[in-house]
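coords15.pdb follows (PDB, C-alpha atoms):
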```pdb
ATOM      1  CA  MET A   7     -29.611 -33.182 -78.614
ATOM      2  CA  GLU A   8     -31.405 -35.459 -76.189
ATOM      3  CA  GLY A   9     -30.222 -37.161 -73.024
ATOM      4  CA  VAL A  10     -26.678 -37.474 -71.722
ATOM      5  CA  VAL A  11     -24.063 -36.132 -74.160
ATOM      6  CA  TRP A  12     -20.381 -37.001 -73.792
ATOM      7  CA  GLY A  13     -17.924 -34.326 -74.928
ATOM      8  CA  PHE A  14     -14.475 -35.435 -76.140
ATOM      9  CA  GLU A  15     -11.549 -33.027 -76.339
ATOM     10  CA  VAL A  16      -9.852 -32.882 -79.742
ATOM     11  CA  ALA A  17      -6.205 -31.871 -80.160
ATOM     12  CA  ALA A  18      -6.564 -29.316 -82.963
ATOM     13  CA  ASN A  19      -6.726 -25.592 -83.613
ATOM     14  CA  ASP A  20     -10.220 -25.895 -85.068
ATOM     15  CA  LEU A  21     -12.718 -28.579 -86.063
ATOM     16  CA  SER A  22     -12.682 -28.034 -89.829
ATOM     17  CA  ALA A  23     -11.037 -31.391 -90.545
ATOM     18  CA  THR A  24     -13.429 -33.157 -88.180
ATOM     19  CA  ALA A  25     -16.435 -31.517 -89.836
ATOM     20  CA  ASN A  26     -15.142 -32.544 -93.268
ATOM     21  CA  GLU A  27     -14.770 -36.134 -92.079
ATOM     22  CA  ALA A  28     -18.305 -36.123 -90.637
ATOM     23  CA  ALA A  29     -19.638 -34.847 -93.951
ATOM     24  CA  LYS A  30     -17.655 -37.489 -95.837
ATOM     25  CA  GLN A  31     -19.159 -40.194 -93.608
ATOM     26  CA  LYS A  32     -22.629 -38.704 -94.241
ATOM     27  CA  LEU A  33     -23.265 -38.182 -90.542
ATOM     28  CA  ARG A  34     -25.739 -35.704 -89.121
ATOM     29  CA  TRP A  35     -23.728 -32.971 -87.443
ATOM     30  CA  GLU A  36     -23.832 -29.370 -86.250
ATOM     31  CA  ARG A  37     -20.861 -27.101 -85.611
ATOM     32  CA  VAL A  38     -20.801 -24.378 -82.929
ATOM     33  CA  ALA A  39     -17.887 -21.952 -83.152
ATOM     34  CA  ASP A  40     -19.264 -18.822 -81.490
ATOM     35  CA  TYR A  41     -18.758 -19.500 -77.782
ATOM     36  CA  PRO A  42     -18.106 -16.291 -75.807
ATOM     37  CA  ALA A  43     -14.643 -15.437 -74.511
ATOM     38  CA  SER A  44     -15.527 -16.553 -70.976
ATOM     39  CA  SER A  45     -16.389 -20.109 -72.037
ATOM     40  CA  PRO A  46     -13.863 -22.908 -71.335
ATOM     41  CA  ILE A  47     -14.964 -24.514 -74.612
ATOM     42  CA  LYS A  48     -13.729 -22.847 -77.807
ATOM     43  CA  GLU A  49     -15.609 -24.851 -80.429
ATOM     44  CA  SER A  50     -17.891 -27.896 -80.662
ATOM     45  CA  LEU A  51     -19.092 -30.352 -83.259
ATOM     46  CA  PHE A  52     -22.213 -32.328 -82.341
ATOM     47  CA  VAL A  53     -22.559 -35.642 -84.171
ATOM     48  CA  LEU A  54     -25.515 -38.027 -84.108
ATOM     49  CA  ASP A  55     -24.509 -41.696 -84.031
ATOM     50  CA  PRO A  56     -26.567 -44.471 -85.718
ATOM     51  CA  ASP A  57     -28.421 -45.216 -82.449
ATOM     52  CA  GLY A  58     -29.551 -41.624 -82.004
ATOM     53  CA  ASN A  59     -27.010 -40.698 -79.321
ATOM     54  CA  THR A  60     -25.346 -37.297 -79.571
ATOM     55  CA  VAL A  61     -21.546 -37.175 -79.289
ATOM     56  CA  GLU A  62     -19.765 -33.848 -78.917
ATOM     57  CA  LEU A  63     -16.238 -33.218 -80.180
ATOM     58  CA  CYS A  64     -14.728 -30.035 -78.820
ATOM     59  CA  ILE A  65     -11.656 -27.871 -78.468
ATOM     60  CA  ARG A  66     -10.868 -26.571 -74.994
ATOM     61  CA  LYS A  67      -9.327 -23.126 -74.574
ATOM     62  CA  GLN A  68      -6.912 -24.611 -72.054
ATOM     63  CA  PRO A  69      -6.062 -28.045 -73.485
ATOM     64  CA  ALA A  70      -5.393 -30.977 -71.213
ATOM     65  CA  ASP A  71      -1.763 -32.018 -70.857
ATOM     66  CA  ILE A  72      -2.458 -35.456 -72.327
ATOM     67  CA  ALA A  73      -0.990 -36.896 -75.510
ATOM     68  CA  PRO A  74      -3.764 -37.352 -78.097
ATOM     69  CA  GLN A  75      -4.682 -40.602 -79.764
ATOM     70  CA  GLN A  76      -3.641 -41.016 -83.367
ATOM     71  CA  GLY A  77      -6.172 -40.800 -86.176
ATOM     72  CA  THR A  78      -8.299 -38.450 -88.234
ATOM     73  CA  THR A  79      -9.756 -36.970 -85.053
ATOM     74  CA  PRO A  80      -6.989 -36.879 -82.408
ATOM     75  CA  LEU A  81      -8.839 -37.242 -79.098
ATOM     76  CA  ARG A  82      -7.187 -36.237 -75.812
ATOM     77  CA  ARG A  83      -9.752 -37.240 -73.192
ATOM     78  CA  ILE A  84     -13.355 -36.822 -72.062
ATOM     79  CA  SER A  85     -13.767 -33.072 -71.662
ATOM     80  CA  HIS A  86     -17.265 -32.910 -70.220
ATOM     81  CA  VAL A  87     -20.707 -34.424 -70.043
ATOM     82  CA  ARG A  88     -23.980 -32.622 -70.698
ATOM     83  CA  VAL A  89     -26.805 -33.694 -68.394
ATOM     84  CA  GLU A  90     -30.512 -32.881 -68.468
ATOM     85  CA  VAL A  91     -32.118 -31.806 -65.173
ATOM     86  CA  THR A  92     -35.465 -30.306 -64.197
ATOM     87  CA  ASP A  93     -34.197 -28.109 -61.338
ATOM     88  CA  LEU A  94     -30.855 -26.298 -61.598
ATOM     89  CA  ASP A  95     -30.702 -25.327 -57.920
ATOM     90  CA  LEU A  96     -31.241 -28.917 -56.804
ATOM     91  CA  ALA A  97     -28.714 -30.142 -59.382
ATOM     92  CA  ARG A  98     -26.109 -27.618 -58.213
ATOM     93  CA  SER A  99     -26.556 -28.687 -54.606
ATOM     94  CA  TRP A 100     -26.637 -32.454 -55.202
ATOM     95  CA  TYR A 101     -23.696 -32.699 -57.612
ATOM     96  CA  GLY A 102     -21.693 -30.294 -55.457
ATOM     97  CA  LYS A 103     -22.286 -32.079 -52.148
ATOM     98  CA  THR A 104     -22.072 -35.602 -53.554
ATOM     99  CA  PHE A 105     -19.085 -35.280 -55.893
ATOM    100  CA  GLY A 106     -17.367 -32.051 -54.820
ATOM    101  CA  MET A 107     -18.008 -30.195 -58.072
ATOM    102  CA  VAL A 108     -17.791 -26.400 -58.039
ATOM    103  CA  GLU A 109     -19.023 -23.492 -60.113
ATOM    104  CA  ALA A 110     -16.224 -21.958 -62.169
ATOM    105  CA  ASP A 111     -16.042 -20.842 -65.818
ATOM    106  CA  GLN A 112     -19.430 -21.241 -67.458
ATOM    107  CA  VAL A 113     -20.434 -22.571 -70.869
ATOM    108  CA  PRO A 114     -23.157 -19.957 -71.367
ATOM    109  CA  ALA A 115     -26.654 -20.847 -72.524
ATOM    110  CA  GLU A 116     -30.191 -20.224 -71.373
ATOM    111  CA  ASP A 117     -31.247 -22.376 -68.390
ATOM    112  CA  GLN A 118     -27.792 -23.940 -68.120
ATOM    113  CA  LEU A 119     -25.194 -24.286 -65.364
ATOM    114  CA  THR A 120     -21.612 -25.562 -65.612
ATOM    115  CA  LEU A 121     -19.905 -27.370 -62.735
ATOM    116  CA  THR A 122     -16.202 -28.209 -62.709
ATOM    117  CA  VAL A 123     -14.237 -31.125 -61.269
ATOM    118  CA  PRO A 124     -11.483 -29.077 -59.562
ATOM    119  CA  LYS A 125      -8.540 -31.445 -60.032
ATOM    120  CA  SER A 126      -9.094 -32.459 -63.666
ATOM    121  CA  GLN A 127     -10.991 -29.372 -64.895
ATOM    122  CA  GLN A 128     -13.516 -31.660 -66.563
ATOM    123  CA  LEU A 129     -17.030 -30.257 -66.731
ATOM    124  CA  VAL A 130     -20.587 -31.300 -66.000
ATOM    125  CA  ILE A 131     -22.924 -29.047 -67.970
ATOM    126  CA  LEU A 132     -26.430 -29.097 -66.497
ATOM    127  CA  ARG A 133     -29.260 -28.116 -68.836
ATOM    128  CA  LYS A 134     -32.770 -27.477 -67.552
ATOM    129  CA  VAL A 135     -35.531 -29.322 -69.407
ATOM    130  CA  ALA A 136     -39.198 -29.999 -68.746
ATOM    131  CA  GLN A 137     -38.580 -33.765 -68.724
ATOM    132  CA  VAL A 138     -35.380 -35.824 -68.737
ATOM    133  CA  ALA A 139     -34.991 -38.060 -71.797
ATOM    134  CA  GLU A 140     -35.979 -41.676 -71.224
ATOM    135  CA  ARG A 141     -32.719 -42.936 -72.733
ATOM    136  CA  SER A 142     -30.788 -41.375 -69.817
ATOM    137  CA  MET A 143     -32.772 -43.182 -67.141
ATOM    138  CA  GLN A 144     -32.686 -46.835 -68.193
ATOM    139  CA  CYS A 145     -30.058 -49.535 -68.568
ATOM    140  CA  PHE A 146     -28.893 -50.388 -72.072
ATOM    141  CA  LYS A 147     -30.883 -47.574 -73.687
ATOM    142  CA  GLY A 148     -28.372 -44.775 -73.916
ATOM    143  CA  PRO A 149     -25.184 -43.332 -72.417
ATOM    144  CA  HIS A 150     -25.031 -42.912 -68.652
ATOM    145  CA  ILE A 151     -22.841 -40.717 -66.454
ATOM    146  CA  ASP A 152     -19.615 -42.452 -65.367
ATOM    147  CA  LEU A 153     -17.645 -40.706 -62.610
ATOM    148  CA  ARG A 154     -14.267 -41.998 -61.396
ATOM    149  CA  SER A 155     -12.212 -41.035 -58.351
ATOM    150  CA  SER A 156      -8.976 -42.018 -56.666
ATOM    151  CA  GLU A 157      -8.935 -45.058 -54.415
ATOM    152  CA  LYS A 158      -8.444 -42.749 -51.430
ATOM    153  CA  CYS A 159     -11.483 -40.566 -52.164
ATOM    154  CA  TYR A 160     -13.866 -43.305 -53.280
ATOM    155  CA  PRO A 161     -15.157 -44.524 -49.859
ATOM    156  CA  GLU A 162     -16.306 -41.034 -48.864
ATOM    157  CA  ILE A 163     -17.947 -40.414 -52.242
ATOM    158  CA  LEU A 164     -19.701 -43.776 -51.963
ATOM    159  CA  LYS A 165     -21.128 -42.714 -48.584
ATOM    160  CA  ARG A 166     -22.436 -39.458 -50.039
ATOM    161  CA  PHE A 167     -23.917 -41.184 -53.102
ATOM    162  CA  ASP A 168     -27.353 -41.523 -51.531
ATOM    163  CA  ARG A 169     -29.259 -42.838 -54.532
ATOM    164  CA  LYS A 170     -27.500 -46.170 -55.089
ATOM    165  CA  GLU A 171     -29.179 -48.971 -56.988
ATOM    166  CA  THR A 172     -29.578 -52.410 -55.392
ATOM    167  CA  TYR A 173     -30.128 -55.742 -57.099
ATOM    168  CA  TRP A 174     -32.460 -58.671 -56.725
ATOM    169  CA  GLY A 175     -31.261 -61.818 -55.023
ATOM    170  CA  PRO A 176     -29.732 -62.703 -51.651
ATOM    171  CA  GLU A 177     -26.957 -60.098 -51.961
ATOM    172  CA  PRO A 178     -28.610 -56.865 -53.186
ATOM    173  CA  ASP A 179     -25.406 -54.826 -52.937
ATOM    174  CA  LEU A 180     -23.452 -57.184 -55.195
ATOM    175  CA  ILE A 181     -22.466 -55.465 -58.410
ATOM    176  CA  PRO A 182     -23.450 -56.813 -61.844
ATOM    177  CA  TRP A 183     -21.354 -59.645 -63.267
ATOM    178  CA  HIS A 184     -19.712 -57.511 -65.935
ATOM    179  CA  GLU A 185     -17.760 -55.332 -63.505
ATOM    180  CA  PRO A 186     -14.201 -56.438 -62.628
ATOM    181  CA  ASP A 187     -14.335 -55.702 -58.881
ATOM    182  CA  SER A 188     -16.449 -54.254 -56.098
ATOM    183  CA  ASN A 189     -15.108 -50.712 -56.379
ATOM    184  CA  THR A 190     -18.063 -49.467 -58.360
ATOM    185  CA  ALA A 191     -21.713 -48.631 -57.773
ATOM    186  CA  TYR A 192     -24.694 -47.705 -59.902
ATOM    187  CA  GLY A 193     -27.531 -45.355 -59.089
ATOM    188  CA  TYR A 194     -29.357 -42.227 -60.170
ATOM    189  CA  ASP A 195     -29.253 -38.492 -59.645
ATOM    190  CA  PRO A 196     -32.394 -36.748 -58.292
ATOM    191  CA  PHE A 197     -33.748 -36.462 -61.844
ATOM    192  CA  GLY A 198     -33.417 -40.105 -62.831
ATOM    193  CA  ASN A 199     -30.190 -39.873 -64.847
ATOM    194  CA  ARG A 200     -28.318 -43.148 -64.474
ATOM    195  CA  ILE A 201     -24.891 -42.791 -62.827
ATOM    196  CA  GLN A 202     -21.953 -45.124 -62.309
ATOM    197  CA  ILE A 203     -19.203 -44.276 -59.830
ATOM    198  CA  GLY A 204     -15.928 -46.103 -59.397
ATOM    199  CA  ILE A 205     -12.185 -45.985 -58.932
ATOM    200  CA  ILE A 206      -9.837 -44.886 -61.700
ATOM    201  CA  ALA A 207      -8.597 -48.117 -63.263
ATOM    202  CA  LYS A 208      -4.977 -49.085 -62.693
ATOM    203  CA  ARG A 209      -5.185 -52.197 -64.845
ATOM    204  CA  PRO A 210      -6.922 -53.395 -68.015
ATOM    205  CA  MET A 211     -10.614 -54.232 -67.821
ATOM    206  CA  HIS A 212     -11.555 -57.917 -67.784
ATOM    207  CA  PHE A 213     -13.825 -59.447 -70.379
ATOM    208  CA  GLY A 214     -15.879 -62.609 -70.100
ATOM    209  CA  GLU A 215     -16.606 -64.327 -66.820
ATOM    210  CA  VAL A 216     -15.359 -62.823 -63.589
ATOM    211  CA  SER A 217     -13.899 -65.566 -61.392
ATOM    212  CA  ARG A 218     -15.998 -65.050 -58.281
ATOM    213  CA  PHE A 219     -19.210 -65.225 -60.293
ATOM    214  CA  ALA A 220     -17.992 -68.168 -62.349
ATOM    215  CA  ASP A 221     -17.207 -70.090 -59.149
ATOM    216  CA  ARG A 222     -20.689 -69.415 -57.844
ATOM    217  CA  ALA A 223     -22.292 -70.545 -61.094
ATOM    218  CA  ASN A 224     -20.359 -73.824 -60.962
ATOM    219  CA  SER A 225     -21.179 -74.570 -57.323
TER     220      SER A 225
END
```

Kindly return the structure encoded in the file as structure tokens.
Amino acid sequence: MEGVVWGFEVAANDLSATANEAAKQKLRWERVADYPASSPIKESLFVLDPDGNTVELCIRKQPADIAPQQGTTPLRRISHVRVEVTDLDLARSWYGKTFGMVEADQVPAEDQLTLTVPKSQQLVILRKVAQVAERSMQCFKGPHIDLRSSEKCYPEILKRFDRKETYWGPEPDLIPWHEPDSNTAYGYDPFGNRIQIGIIAKRPMHFGEVSRFADRANS
């Protein structure tokens, strides 16, 4: 397990069927079913995708009240994200002050700290390492951390997000062309993990050219 790991909540009593499907697909996987009683996660299945990214499928002890998708592995939502850091105290302070995360029920492990998003009960699991994986720190090289808020809360979070990325050109704060609007920003945490923040979408994402960039290209 290297770099940022997204954990997806599965609507099931256990992950036996998911493990069987992973074996059938000849994927590399590892099942963890011995979390202590205090853990908010009941069971996990870690799967390595073809690009070397780790994906975690899990069962939460208190399932989200969201209808699952249909399919062999009925997913409810993103449950948590595992993030590598080199200093747990700094990580606790920065993620808490910037995004309002709090310490609650822990997913126990050595050199690990779990923070909770109070409203959604989604988790950020911080794991201390000697060096953060390169794939977490660069564009297009691995999964990044994507945090979404309400439209009301976003301006204040944007102010507190003190490690924003800027871009070359005459308008360095202009977002990349592939984003649908200006309510998003990219940056990094104190350890170099790439982060995207934005507003919870109320409409489908756009694909292809975004009009304001297309107009500029044609001018």

8 Å contact set for Glu15 of chain A, all atoms listed in the file, chain neighbours under 3 positions out, as number ranges by chain | A: 63-66, 69, 81-85

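By chain and then residue number, the residues within 10 Å of Gly204 of chain A are Asp152, Leu153, Arg154, Ser155, Ser156, Glu157, Tyr160, Pro161, Ile163, Leu164, Asp187, Ser188, Asn189, Thr190, Ala191 and Tyr192 of chain A, counting all atoms listed in the file and disregarding those fewer than 6 positions away in sequence.
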
Just give me the gap between atom CA of Leu119 of chain A and atom CA of Val89 of chain A in Å, one decimal is fine.
-> 10.0 Å

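Across the structure, atom CA of Ala18 of chain A and atom CA of Thr120 of chain A are spaced 23.3 Å apart.
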
Please, what distance in Å, to one decimal, runs between atom CA of Arg88 of chain A and atom CA of Asp168 of chain A?
-> 21.4 Å

Might you spell out which residues the PyMOL selection byres ((chain A and resi 169) around 6) would select in the displayed file, as an NGL selection string?
-> :A and (167-168 or 170 or 193-194)

Target residues per the PyMOL selection byres ((chain A and resi 103-106) around 7), formatted as an mmCIF file with C-alpha atoms, keeping the file's coordinate frame:
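The resulting file, result.cif, is shown below:
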```cif
data_model
loop_
_atom_site.group_PDB
_atom_site.id
_atom_site.type_symbol
_atom_site.label_atom_id
_atom_site.label_comp_id
_atom_site.auth_asym_id
_atom_site.auth_seq_id
_atom_site.Cartn_x
_atom_site.Cartn_y
_atom_site.Cartn_z
ATOM 1 C CA SER A 99 -26.556 -28.687 -54.606
ATOM 2 C CA TRP A 100 -26.637 -32.454 -55.202
ATOM 3 C CA TYR A 101 -23.696 -32.699 -57.612
ATOM 4 C CA GLY A 102 -21.693 -30.294 -55.457
ATOM 5 C CA MET A 107 -18.008 -30.195 -58.072
ATOM 6 C CA VAL A 108 -17.791 -26.400 -58.039
ATOM 7 C CA ILE A 163 -17.947 -40.414 -52.242
ATOM 8 C CA ARG A 166 -22.436 -39.458 -50.039
ATOM 9 C CA PHE A 167 -23.917 -41.184 -53.102
#
```

Using only C-alpha atoms, which of A:Glu116, A:Pro56, A:Gly198, A:Lys165 sits nearest Ser142 of chain A?
->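 Using only C-alpha atoms, the shortest distance to Ser142 of chain A belongs to A:Gly198.
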
Complete segment 57-75 of chain A with N, CA and C atoms (output as a JSON list (two decimals), in the frame of the given file).
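Printed below is out10.json as written:
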```json
[["chain", "number", "residue", "atom", "x", "y", "z"],
["A", 57, "ASP", "N", -27.40, -44.87, -83.43],
["A", 57, "ASP", "CA", -28.42, -45.22, -82.45],
["A", 57, "ASP", "C", -29.16, -44.00, -81.91],
["A", 58, "GLY", "N", -28.85, -42.83, -82.44],
["A", 58, "GLY", "CA", -29.55, -41.62, -82.00],
["A", 58, "GLY", "C", -28.91, -40.92, -80.83],
["A", 59, "ASN", "N", -27.73, -41.37, -80.40],
["A", 59, "ASN", "CA", -27.01, -40.70, -79.32],
["A", 59, "ASN", "C", -26.18, -39.54, -79.88],
["A", 60, "THR", "N", -26.15, -38.44, -79.16],
["A", 60, "THR", "CA", -25.35, -37.30, -79.57],
["A", 60, "THR", "C", -23.96, -37.38, -78.94],
["A", 61, "VAL", "N", -22.93, -37.23, -79.75],
["A", 61, "VAL", "CA", -21.55, -37.17, -79.29],
["A", 61, "VAL", "C", -21.01, -35.79, -79.63],
["A", 62, "GLU", "N", -20.32, -35.18, -78.69],
["A", 62, "GLU", "CA", -19.76, -33.85, -78.92],
["A", 62, "GLU", "C", -18.24, -33.92, -78.99],
["A", 63, "LEU", "N", -17.68, -33.37, -80.04],
["A", 63, "LEU", "CA", -16.24, -33.22, -80.18],
["A", 63, "LEU", "C", -15.93, -31.74, -79.98],
["A", 64, "CYS", "N", -14.94, -31.44, -79.16],
["A", 64, "CYS", "CA", -14.73, -30.04, -78.82],
["A", 64, "CYS", "C", -13.25, -29.70, -78.71],
["A", 65, "ILE", "N", -12.98, -28.41, -78.74],
["A", 65, "ILE", "CA", -11.66, -27.87, -78.47],
["A", 65, "ILE", "C", -11.76, -27.04, -77.20],
["A", 66, "ARG", "N", -10.90, -27.34, -76.23],
["A", 66, "ARG", "CA", -10.87, -26.57, -74.99],
["A", 66, "ARG", "C", -9.89, -25.41, -75.13],
["A", 67, "LYS", "N", -10.22, -24.28, -74.51],
["A", 67, "LYS", "CA", -9.33, -23.13, -74.57],
["A", 67, "LYS", "C", -8.04, -23.37, -73.81],
["A", 68, "GLN", "N", -8.11, -24.19, -72.78],
["A", 68, "GLN", "CA", -6.91, -24.61, -72.05],
["A", 68, "GLN", "C", -6.81, -26.13, -72.19],
["A", 69, "PRO", "N", -6.10, -26.61, -73.20],
["A", 69, "PRO", "CA", -6.06, -28.04, -73.48],
["A", 69, "PRO", "C", -5.47, -28.85, -72.33],
["A", 70, "ALA", "N", -5.94, -30.07, -72.21],
["A", 70, "ALA", "CA", -5.39, -30.98, -71.21],
["A", 70, "ALA", "C", -3.98, -31.38, -71.61],
["A", 71, "ASP", "N", -3.15, -31.61, -70.61],
["A", 71, "ASP", "CA", -1.76, -32.02, -70.86],
["A", 71, "ASP", "C", -1.70, -33.54, -71.02],
["A", 72, "ILE", "N", -2.37, -34.02, -72.05],
["A", 72, "ILE", "CA", -2.46, -35.46, -72.33],
["A", 72, "ILE", "C", -2.17, -35.67, -73.81],
["A", 73, "ALA", "N", -1.31, -36.62, -74.11],
["A", 73, "ALA", "CA", -0.99, -36.90, -75.51],
["A", 73, "ALA", "C", -2.23, -37.43, -76.22],
["A", 74, "PRO", "N", -2.56, -36.90, -77.39],
["A", 74, "PRO", "CA", -3.76, -37.35, -78.10],
["A", 74, "PRO", "C", -3.58, -38.71, -78.76],
["A", 75, "GLN", "N", -4.70, -39.38, -78.98],
["A", 75, "GLN", "CA", -4.68, -40.60, -79.76],
["A", 75, "GLN", "C", -4.40, -40.25, -81.22]]
```
